[in-house]
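> Quick one: the structure is below, questions incoming.
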Number of protein chains: 4
Amino acid sequence: MNQKQKLMLAKAAMEASKNAYHPVTRTAAGAALMTREGSVYTGCNVQSVISGLGCCAERCAIYNAVAHGAYNYKAIAVYFPTKNGAKPCGACLQLISEFAQVAKTDIRILMVNNEGRIIAESTVNKMLPGAYGPRTAGKKLAAYEKNRD
Amino acid sequence: MNQKQKLMLAKAAMEASKNAYHPVTRTAAGAALMTREGSVYTGCNVQSVISGLGCCAERCAIYNAVAHGAYNYKAIAVYFPTKNGAKPCGACLQLISEFAQVAKTDIRILMVNNEGRIIAESTVNKMLPGAYGPRTAGKKLAAYEKNRD
Amino acid sequence: MNQKQKLMLAKAAMEASKNAYHPVTRTAAGAALMTREGSVYTGCNVQSVISGLGCCAERCAIYNAVAHGAYNYKAIAVYFPTKNGAKPCGACLQLISEFAQVAKTDIRILMVNNEGRIIAESTVNKMLPGAYGPRTAGKKLAAYEKNRD
Amino acid sequence: MNQKQKLMLAKAAMEASKNAYHPVTRTAAGAALMTREGSVYTGCNVQSVISGLGCCAERCAIYNAVAHGAYNYKAIAVYFPTKNGAKPCGACLQLISEFAQVAKTDIRILMVNNEGRIIAESTVNKMLPGAYGPRTAGKKLAAYEKNRD
């Protein structure tokens with residue numbers, strides 16, 4: 001993944017945040033997910049007034065990608081509107097990690113701050129090492145090892 | 001909403017189910033959401049090996065629509081691969097109902113069976129009457145009363 | 001279920017709300033669940049700053065009961081701190097409904113307002129009729145047809 | 001926390017798993033949470049047939065503790081029925097981490113295998129460093145800085 005792709009993905013995450021539905025906290029987050037082949041799917045946070053409903057930007061981006069037949073990702077950019085940005089929450093790391101198992105790969109995570117700058121980089125396997133996932137659980141995943149989008 | 005639109009939406013829900021990620025139960029569901037202006041966003045079920053993660057097709061379709069700036073919907077078709085299809089689960093009805101409050105409208109629900117036929121129709125306000133939502137909770141929603149997609 | 005039991009359950013739900021963890025909205029809800037044999041388990045809302053995490057009082061009460069080996073319920077009281085109280089959200093109705101399938105029974109729902117009065121009564125099968133659940137999905141449930149608490 | 005307490009907590013987690021409601025995968029997990037003062041609350045996994053519902057043992061234990069007025073924890077033991085046990089999932093680490101912020105402390109995590117042995121130990125701040133939580137989000141938490149149970 002080259003620098004140009006990273007900057008493009010960071011920008012897409014920032015743009016996606018503009019559509020966030022956040023009547024509870026007024027905090028707009030965005031995410032942009034890049035597939036192995038370079039397609040991009042975005043998500044923003046969607047808040048519910050009910051505990052346990054609603055969804056973070058990162059998980060929404062994955063749900064959007066899956067709906068289009070994309071299960072194998074190389075990177076996700078996460079925009080959070082503060083000077084230091086934010087890491088994905090544990091629930092998002094868990095779901096990203098499950099798809100890292102699906103694709104038998106690691107997934108790069110770019111943290112993007114309120115100015116749209118990439119202020120930190122890591123990978124899901126560094127941020128949530130040894131996570132339980134579909135391969136740990138012995139699930140059959142052959143059907144998801146190629147993107148269809 | 002005319003018959004042609006309904007059939008188109010039912011077909012889109014069935015098509016969306018083909019991308020479902022369902023390593024846990026092997027049951028593929030799909031949903032297609034129509035905005036007030038007639039745009040269509042789809043979703044499929046995405047299963048996690050972790051309780052409380054993953055998402056039904058209907059909620060995924062909403063998250064996808066919101067990511068594109070669409071908050072006001074007139075109908076959702078729900079495909080489930082059995083002879084009698086299935087109603088949206090309570091969690092999905094809750095989220096659909098919250099967006100019915102956002103748009104100050106009711107939202108039609110089309111249940112689609114394994115052959116792609118609409119076998120039942122209702123609305124979210126009939127299926128989950130009097131639900132708690134963002135207006136009940138006194139949230140400000142003016143920013144979401146128009147679609148931007 | 002007699003009137004005395006109902007009043008006791010309503011009071012337990014109101015009491016449980018006092019422990020609610022609600023740093024996001026400052027709204028304290030409570031629930032009290034009665035098993036077939038008359039044991040009571042309580043829950044309160046637990047809010048997370050993350051969308052999709054945290055839990056409503058009703059689901060917490062069920063998780064608490066299950067942890068003690070109770071899977072078969074006859075009633076749940078739901079306290080909400082407004083004049084008109086509130087119905088359980090769709091996600092809670094869904095989970096209550098799944099345990100109604102487990103026990104092959106209906107489950108009574110008592111709605112309790114800010115003064116601790118039962119202002120409405122219904123059942124989960126009336127509030128979420130025809131819900132998808134573990135029996136619809138063909139799961140084996142014999143192990144859960146008796147309470148062990 | 002001394003060795004005797006650790007062994008007691010590990011045993012409580014294993015015991016709790018016996019009540020797990022797991023019609024979907026037949027995998028029984030358990031958790032036992034110890035408060036600052038030494039009280040213990042347990043949880044087991046509760047599975048739903050619906051994606052995004054149900055709950056892991058660790059989160060259930062927290063919901064149970066909160067229902068009893070306990071918000072400050074020093075350790076959680078996690079039983080998973082395999083030779084190597086399992087780490088808490090990302091969603092559970094996130095919630096544990098939020099309560100570490102509430103109590104301004106770290107929380108020890110004991111991983112317990114199928115024989116009831118503690119096979120690994122860590123803390124939530126090591127396993128999910130720098131997590132977003134209620135203090136990061138600027139929430140007022142004074143009401144939760146003491147246990148009331």
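Labels used: A, B, ... for chains in the order of the structure tokens, numbers from 1 for residues in each chain, and numbers from 1 for ligands as shown.
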Counting only C-alpha atoms, which residues in chain B sit no more than 9 Å from chain A? For each one, give the nearest pair of atoms and the distance in Å, sorted by chain then residue number, as CSV.

residue,atom,partner,partner_atom,distance
B:Ala16,CA,A:Ala67,CA,6.4
B:Ser17,CA,A:Ala67,CA,8.1
B:Lys18,CA,A:Gly69,CA,8.2
B:Asn19,CA,A:Gly69,CA,4.9
B:Ala20,CA,A:Ala67,CA,6.9
B:Tyr21,CA,A:Val66,CA,7.1
B:Pro23,CA,A:Lys139,CA,5.9
B:Val24,CA,A:Lys139,CA,7.0
B:Gly30,CA,A:Ala67,CA,8.7
B:Thr42,CA,A:Ala67,CA,6.7
B:Gly43,CA,A:Ala67,CA,5.0
B:Cys44,CA,A:Ala67,CA,5.5
B:Asn45,CA,A:Ala67,CA,8.2
B:Val46,CA,A:Tyr63,CA,6.8
B:Ser48,CA,A:Leu95,CA,7.2
B:Val49,CA,A:Pro134,CA,6.0
B:Ile50,CA,A:Gly133,CA,8.0
B:Gly52,CA,A:Gly52,CA,8.2
B:Leu53,CA,A:Ala91,CA,7.6
B:Gly54,CA,A:Leu95,CA,7.9
B:Cys55,CA,A:Tyr63,CA,7.8
B:Ala57,CA,A:Ala67,CA,8.6
B:Arg59,CA,A:Gly54,CA,8.7
B:Cys60,CA,A:Tyr63,CA,5.8
B:Ala61,CA,A:Asn64,CA,7.8
B:Tyr63,CA,A:Cys60,CA,5.8
B:Asn64,CA,A:Asn64,CA,5.5
B:Val66,CA,A:Asn19,CA,6.5
B:Ala67,CA,A:Gly43,CA,5.0
B:His68,CA,A:Asn19,CA,6.6
B:Gly69,CA,A:Asn19,CA,5.0
B:Ala70,CA,A:Asn19,CA,8.2
B:Tyr71,CA,A:Tyr21,CA,8.2
B:Ala91,CA,A:Leu53,CA,7.5
B:Gln94,CA,A:Ile50,CA,8.7
B:Leu95,CA,A:Ser48,CA,7.2
B:Glu98,CA,A:Ser48,CA,7.5
B:Tyr132,CA,A:Val49,CA,8.1
B:Gly133,CA,A:Val49,CA,6.3
B:Pro134,CA,A:Val49,CA,6.0
B:Ala137,CA,A:Val49,CA,7.4
B:Lys139,CA,A:Pro23,CA,5.9
B:Lys140,CA,A:Pro23,CA,6.4
B:Leu141,CA,A:Pro23,CA,6.7
B:Ala143,CA,A:Tyr21,CA,8.9
B:Tyr144,CA,A:Tyr21,CA,7.6
B:Arg148,CA,A:Asn19,CA,8.4
> Got a sec: who's within 10 Å of Gln5 (chain A), counting only C-alpha atoms, leaving out chain neighbours fewer than 3 positions off, as number ranges by chain?
A: 1-2, 8-11, 34, 38, 75
> Could you write out the selected residues, including C-alpha atoms, as a PDB file, in the first residue's frame?

ATOM      1  CA  MET A   1       0.000   0.000   0.000  1.00  0.00           C
ATOM      2  CA  ASN A   2       1.632   3.206  -1.111  1.00  0.00           C
ATOM      3  CA  MET A   8      -6.867   8.714  -0.416  1.00  0.00           C
ATOM      4  CA  LEU A   9      -8.231   6.305   2.194  1.00  0.00           C
ATOM      5  CA  ALA A  10      -7.779   8.856   4.997  1.00  0.00           C
ATOM      6  CA  LYS A  11      -9.667  11.429   2.959  1.00  0.00           C
ATOM      7  CA  MET A  34      -9.851  -0.886   1.159  1.00  0.00           C
ATOM      8  CA  GLY A  38      -8.234  -1.615  -4.067  1.00  0.00           C
ATOM      9  CA  ALA A  75      -6.518  -1.510   5.214  1.00  0.00           C
TER      10      ALA A  75
END
> Within chain B, find each residue whose DSSP state, derived from the backbone, is strand (DSSP E), and express the selection as a JSON list (two decimals) with N, CA and C atoms, in the first residue's frame.

[["chain", "number", "residue", "atom", "x", "y", "z"],
["B", 30, "GLY", "N", -31.23, -11.27, 3.13],
["B", 30, "GLY", "CA", -30.91, -10.04, 2.41],
["B", 30, "GLY", "C", -31.97, -8.99, 2.65],
["B", 31, "ALA", "N", -31.60, -7.74, 2.47],
["B", 31, "ALA", "CA", -32.56, -6.65, 2.63],
["B", 31, "ALA", "C", -32.27, -5.56, 1.61],
["B", 32, "ALA", "N", -33.34, -4.88, 1.19],
["B", 32, "ALA", "CA", -33.19, -3.74, 0.28],
["B", 32, "ALA", "C", -34.08, -2.63, 0.80],
["B", 33, "LEU", "N", -33.49, -1.47, 0.96],
["B", 33, "LEU", "CA", -34.13, -0.30, 1.58],
["B", 33, "LEU", "C", -34.34, 0.76, 0.51],
["B", 34, "MET", "N", -35.55, 1.30, 0.43],
["B", 34, "MET", "CA", -35.81, 2.36, -0.54],
["B", 34, "MET", "C", -35.99, 3.70, 0.17],
["B", 35, "THR", "N", -35.27, 4.70, -0.30],
["B", 35, "THR", "CA", -35.41, 6.03, 0.30],
["B", 35, "THR", "C", -36.68, 6.71, -0.21],
["B", 40, "VAL", "N", -32.02, 2.96, -3.73],
["B", 40, "VAL", "CA", -32.04, 1.66, -3.05],
["B", 40, "VAL", "C", -30.67, 1.32, -2.46],
["B", 41, "TYR", "N", -30.66, 0.91, -1.19],
["B", 41, "TYR", "CA", -29.44, 0.45, -0.53],
["B", 41, "TYR", "C", -29.69, -0.96, 0.00],
["B", 42, "THR", "N", -28.68, -1.81, -0.11],
["B", 42, "THR", "CA", -28.88, -3.20, 0.28],
["B", 42, "THR", "C", -27.98, -3.60, 1.45],
["B", 43, "GLY", "N", -28.34, -4.73, 2.02],
["B", 43, "GLY", "CA", -27.54, -5.31, 3.10],
["B", 43, "GLY", "C", -27.78, -6.81, 3.14],
["B", 44, "CYS", "N", -26.85, -7.52, 3.74],
["B", 44, "CYS", "CA", -27.02, -8.95, 3.95],
["B", 44, "CYS", "C", -26.57, -9.26, 5.38],
["B", 73, "TYR", "N", -36.68, 6.86, 4.73],
["B", 73, "TYR", "CA", -36.97, 5.68, 3.92],
["B", 73, "TYR", "C", -38.47, 5.49, 3.78],
["B", 74, "LYS", "N", -38.88, 4.89, 2.67],
["B", 74, "LYS", "CA", -40.30, 4.55, 2.58],
["B", 74, "LYS", "C", -40.58, 3.05, 2.68],
["B", 75, "ALA", "N", -39.60, 2.22, 2.37],
["B", 75, "ALA", "CA", -39.88, 0.78, 2.44],
["B", 75, "ALA", "C", -38.59, -0.03, 2.56],
["B", 76, "ILE", "N", -38.76, -1.22, 3.14],
["B", 76, "ILE", "CA", -37.65, -2.17, 3.17],
["B", 76, "ILE", "C", -38.19, -3.55, 2.85],
["B", 77, "ALA", "N", -37.49, -4.25, 1.95],
["B", 77, "ALA", "CA", -37.85, -5.64, 1.63],
["B", 77, "ALA", "C", -36.86, -6.55, 2.34],
["B", 78, "VAL", "N", -37.39, -7.64, 2.90],
["B", 78, "VAL", "CA", -36.59, -8.55, 3.71],
["B", 78, "VAL", "C", -36.70, -9.95, 3.13],
["B", 79, "TYR", "N", -35.61, -10.46, 2.60],
["B", 79, "TYR", "CA", -35.59, -11.81, 2.02],
["B", 79, "TYR", "C", -35.08, -12.80, 3.06],
["B", 108, "ARG", "N", -42.83, 0.99, 5.17],
["B", 108, "ARG", "CA", -43.43, -0.28, 4.72],
["B", 108, "ARG", "C", -42.41, -1.41, 4.80],
["B", 109, "ILE", "N", -42.89, -2.58, 5.20],
["B", 109, "ILE", "CA", -42.01, -3.75, 5.28],
["B", 109, "ILE", "C", -42.58, -4.86, 4.40],
["B", 110, "LEU", "N", -41.75, -5.32, 3.46],
["B", 110, "LEU", "CA", -42.16, -6.40, 2.56],
["B", 110, "LEU", "C", -41.40, -7.66, 2.93],
["B", 111, "MET", "N", -42.12, -8.72, 3.22],
["B", 111, "MET", "CA", -41.45, -9.98, 3.55],
["B", 111, "MET", "C", -41.40, -10.87, 2.31],
["B", 112, "VAL", "N", -40.21, -11.32, 1.97],
["B", 112, "VAL", "CA", -39.96, -12.02, 0.71],
["B", 112, "VAL", "C", -39.48, -13.44, 1.02],
["B", 118, "ILE", "N", -43.21, -11.80, -2.62],
["B", 118, "ILE", "CA", -43.66, -11.03, -1.46],
["B", 118, "ILE", "C", -44.83, -11.78, -0.85],
["B", 119, "ILE", "N", -44.61, -12.35, 0.34],
["B", 119, "ILE", "CA", -45.68, -13.17, 0.92],
["B", 119, "ILE", "C", -46.41, -12.47, 2.05],
["B", 120, "ALA", "N", -45.88, -11.33, 2.48],
["B", 120, "ALA", "CA", -46.60, -10.55, 3.49],
["B", 120, "ALA", "C", -46.11, -9.11, 3.43],
["B", 121, "GLU", "N", -47.00, -8.20, 3.83],
["B", 121, "GLU", "CA", -46.66, -6.78, 3.88],
["B", 121, "GLU", "C", -47.17, -6.19, 5.17],
["B", 122, "SER", "N", -46.43, -5.28, 5.73],
["B", 122, "SER", "CA", -46.91, -4.56, 6.90],
["B", 122, "SER", "C", -46.15, -3.24, 6.97],
["B", 123, "THR", "N", -46.16, -2.61, 8.14],
["B", 123, "THR", "CA", -45.36, -1.40, 8.34],
["B", 123, "THR", "C", -44.70, -1.50, 9.71]]
> Mind listing the alpha helix (DSSP H) residues of chain B, per DSSP on the backbone, as a PyMOL selection string?
chain B and resi 3-17+57-67+90-102+124-127
> Could you please take those selected residues and save N, CA and C atoms as a CSV table (one decimal), in the first residue's frame?

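Written file, again-v3.csv:
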chain,number,residue,atom,x,y,z
B,3,GLN,N,-46.6,-1.3,-7.6
B,3,GLN,CA,-46.3,-2.8,-7.6
B,3,GLN,C,-44.9,-3.0,-8.2
B,4,LYS,N,-44.6,-2.2,-9.2
B,4,LYS,CA,-43.3,-2.4,-9.9
B,4,LYS,C,-42.2,-2.1,-9.0
B,5,GLN,N,-42.3,-1.1,-8.2
B,5,GLN,CA,-41.3,-0.8,-7.2
B,5,GLN,C,-41.1,-1.9,-6.2
B,6,LYS,N,-42.3,-2.4,-5.7
B,6,LYS,CA,-42.2,-3.4,-4.7
B,6,LYS,C,-41.5,-4.7,-5.3
B,7,LEU,N,-41.8,-5.0,-6.5
B,7,LEU,CA,-41.1,-6.2,-7.1
B,7,LEU,C,-39.6,-6.0,-7.2
B,8,MET,N,-39.3,-4.8,-7.7
B,8,MET,CA,-37.9,-4.5,-7.8
B,8,MET,C,-37.2,-4.6,-6.5
B,9,LEU,N,-37.8,-4.0,-5.4
B,9,LEU,CA,-37.2,-4.0,-4.1
B,9,LEU,C,-37.0,-5.5,-3.6
B,10,ALA,N,-38.1,-6.3,-3.8
B,10,ALA,CA,-38.0,-7.7,-3.4
B,10,ALA,C,-36.9,-8.4,-4.1
B,11,LYS,N,-36.7,-8.1,-5.3
B,11,LYS,CA,-35.6,-8.8,-6.1
B,11,LYS,C,-34.2,-8.3,-5.6
B,12,ALA,N,-34.1,-7.1,-5.3
B,12,ALA,CA,-32.9,-6.5,-4.8
B,12,ALA,C,-32.5,-7.2,-3.4
B,13,ALA,N,-33.5,-7.4,-2.6
B,13,ALA,CA,-33.3,-8.1,-1.3
B,13,ALA,C,-32.8,-9.5,-1.5
B,14,MET,N,-33.4,-10.2,-2.5
B,14,MET,CA,-33.0,-11.6,-2.8
B,14,MET,C,-31.5,-11.6,-3.3
B,15,GLU,N,-31.3,-10.7,-4.2
B,15,GLU,CA,-29.9,-10.6,-4.8
B,15,GLU,C,-28.9,-10.3,-3.7
B,16,ALA,N,-29.2,-9.4,-2.8
B,16,ALA,CA,-28.2,-9.0,-1.7
B,16,ALA,C,-27.9,-10.2,-0.8
B,17,SER,N,-28.8,-11.1,-0.7
B,17,SER,CA,-28.6,-12.3,0.2
B,17,SER,C,-27.4,-13.2,-0.3
B,57,ALA,N,-29.4,-8.4,8.0
B,57,ALA,CA,-29.4,-7.7,6.7
B,57,ALA,C,-30.1,-6.3,6.8
B,58,GLU,N,-31.2,-6.2,7.5
B,58,GLU,CA,-32.0,-5.0,7.6
B,58,GLU,C,-31.2,-3.8,8.2
B,59,ARG,N,-30.5,-4.1,9.3
B,59,ARG,CA,-29.7,-3.1,9.9
B,59,ARG,C,-28.5,-2.7,9.0
B,60,CYS,N,-27.9,-3.7,8.4
B,60,CYS,CA,-26.8,-3.4,7.5
B,60,CYS,C,-27.2,-2.5,6.3
B,61,ALA,N,-28.4,-2.7,5.8
B,61,ALA,CA,-28.9,-1.9,4.7
B,61,ALA,C,-29.1,-0.4,5.2
B,62,ILE,N,-29.6,-0.3,6.4
B,62,ILE,CA,-29.7,1.1,7.0
B,62,ILE,C,-28.3,1.7,7.2
B,63,TYR,N,-27.4,1.0,7.7
B,63,TYR,CA,-26.0,1.5,7.9
B,63,TYR,C,-25.4,2.0,6.6
B,64,ASN,N,-25.7,1.2,5.6
B,64,ASN,CA,-25.2,1.5,4.2
B,64,ASN,C,-25.8,2.8,3.7
B,65,ALA,N,-27.1,2.9,3.9
B,65,ALA,CA,-27.8,4.1,3.4
B,65,ALA,C,-27.3,5.4,4.2
B,66,VAL,N,-27.2,5.3,5.5
B,66,VAL,CA,-26.7,6.4,6.3
B,66,VAL,C,-25.3,6.8,5.8
B,67,ALA,N,-24.5,5.9,5.5
B,67,ALA,CA,-23.1,6.2,5.0
B,67,ALA,C,-23.2,7.0,3.7
B,90,GLY,N,-36.7,-8.2,16.3
B,90,GLY,CA,-37.0,-7.1,17.1
B,90,GLY,C,-36.0,-6.0,17.1
B,91,ALA,N,-34.7,-6.4,17.0
B,91,ALA,CA,-33.6,-5.4,17.0
B,91,ALA,C,-33.7,-4.6,15.7
B,92,CYS,N,-34.0,-5.3,14.6
B,92,CYS,CA,-34.1,-4.6,13.3
B,92,CYS,C,-35.4,-3.7,13.3
B,93,LEU,N,-36.5,-4.2,13.8
B,93,LEU,CA,-37.7,-3.4,13.9
B,93,LEU,C,-37.4,-2.1,14.7
B,94,GLN,N,-36.6,-2.3,15.8
B,94,GLN,CA,-36.3,-1.1,16.6
B,94,GLN,C,-35.6,0.0,15.8
B,95,LEU,N,-34.6,-0.5,15.0
B,95,LEU,CA,-33.8,0.5,14.3
B,95,LEU,C,-34.6,1.1,13.1
B,96,ILE,N,-35.4,0.3,12.5
B,96,ILE,CA,-36.2,0.8,11.4
B,96,ILE,C,-37.2,1.8,12.0
B,97,SER,N,-37.7,1.5,13.2
B,97,SER,CA,-38.6,2.4,13.8
B,97,SER,C,-38.0,3.7,14.2
B,98,GLU,N,-36.7,3.7,14.6
B,98,GLU,CA,-36.1,4.9,15.0
B,98,GLU,C,-36.0,5.9,13.7
B,99,PHE,N,-35.7,5.3,12.6
B,99,PHE,CA,-35.6,6.1,11.4
B,99,PHE,C,-37.0,6.5,10.9
B,100,ALA,N,-38.0,5.8,11.2
B,100,ALA,CA,-39.4,6.2,11.0
B,100,ALA,C,-39.7,7.5,11.8
B,101,GLN,N,-39.2,7.5,13.0
B,101,GLN,CA,-39.3,8.8,13.8
B,101,GLN,C,-38.5,9.9,13.2
B,102,VAL,N,-37.3,9.6,12.7
B,102,VAL,CA,-36.5,10.7,12.1
B,102,VAL,C,-37.3,11.3,10.9
B,124,VAL,N,-43.7,-0.7,9.9
B,124,VAL,CA,-42.9,-0.8,11.2
B,124,VAL,C,-43.8,-0.3,12.3
B,125,ASN,N,-44.7,0.7,12.1
B,125,ASN,CA,-45.5,1.2,13.2
B,125,ASN,C,-46.6,0.2,13.6
B,126,LYS,N,-46.9,-0.7,12.6
B,126,LYS,CA,-47.9,-1.8,13.0
B,126,LYS,C,-47.2,-2.9,13.7
B,127,MET,N,-45.9,-3.2,13.3
B,127,MET,CA,-45.2,-4.3,13.9
B,127,MET,C,-44.5,-4.0,15.2
> Work out how far CA of Ser51 (chain A) is from CA of Ser51 (chain C), in Å to one decimal.
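For CA of Ser51 (chain C) relative to CA of Ser51 (chain A), the distance reads 7.7 Å.
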> Just the number, please: distance in Å from CA of Glu37 (chain A) to CA of Asn72 (chain A), one decimal.
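Atom-to-atom, CA of Glu37 (chain A) and CA of Asn72 (chain A) are spaced 8.7 Å apart.
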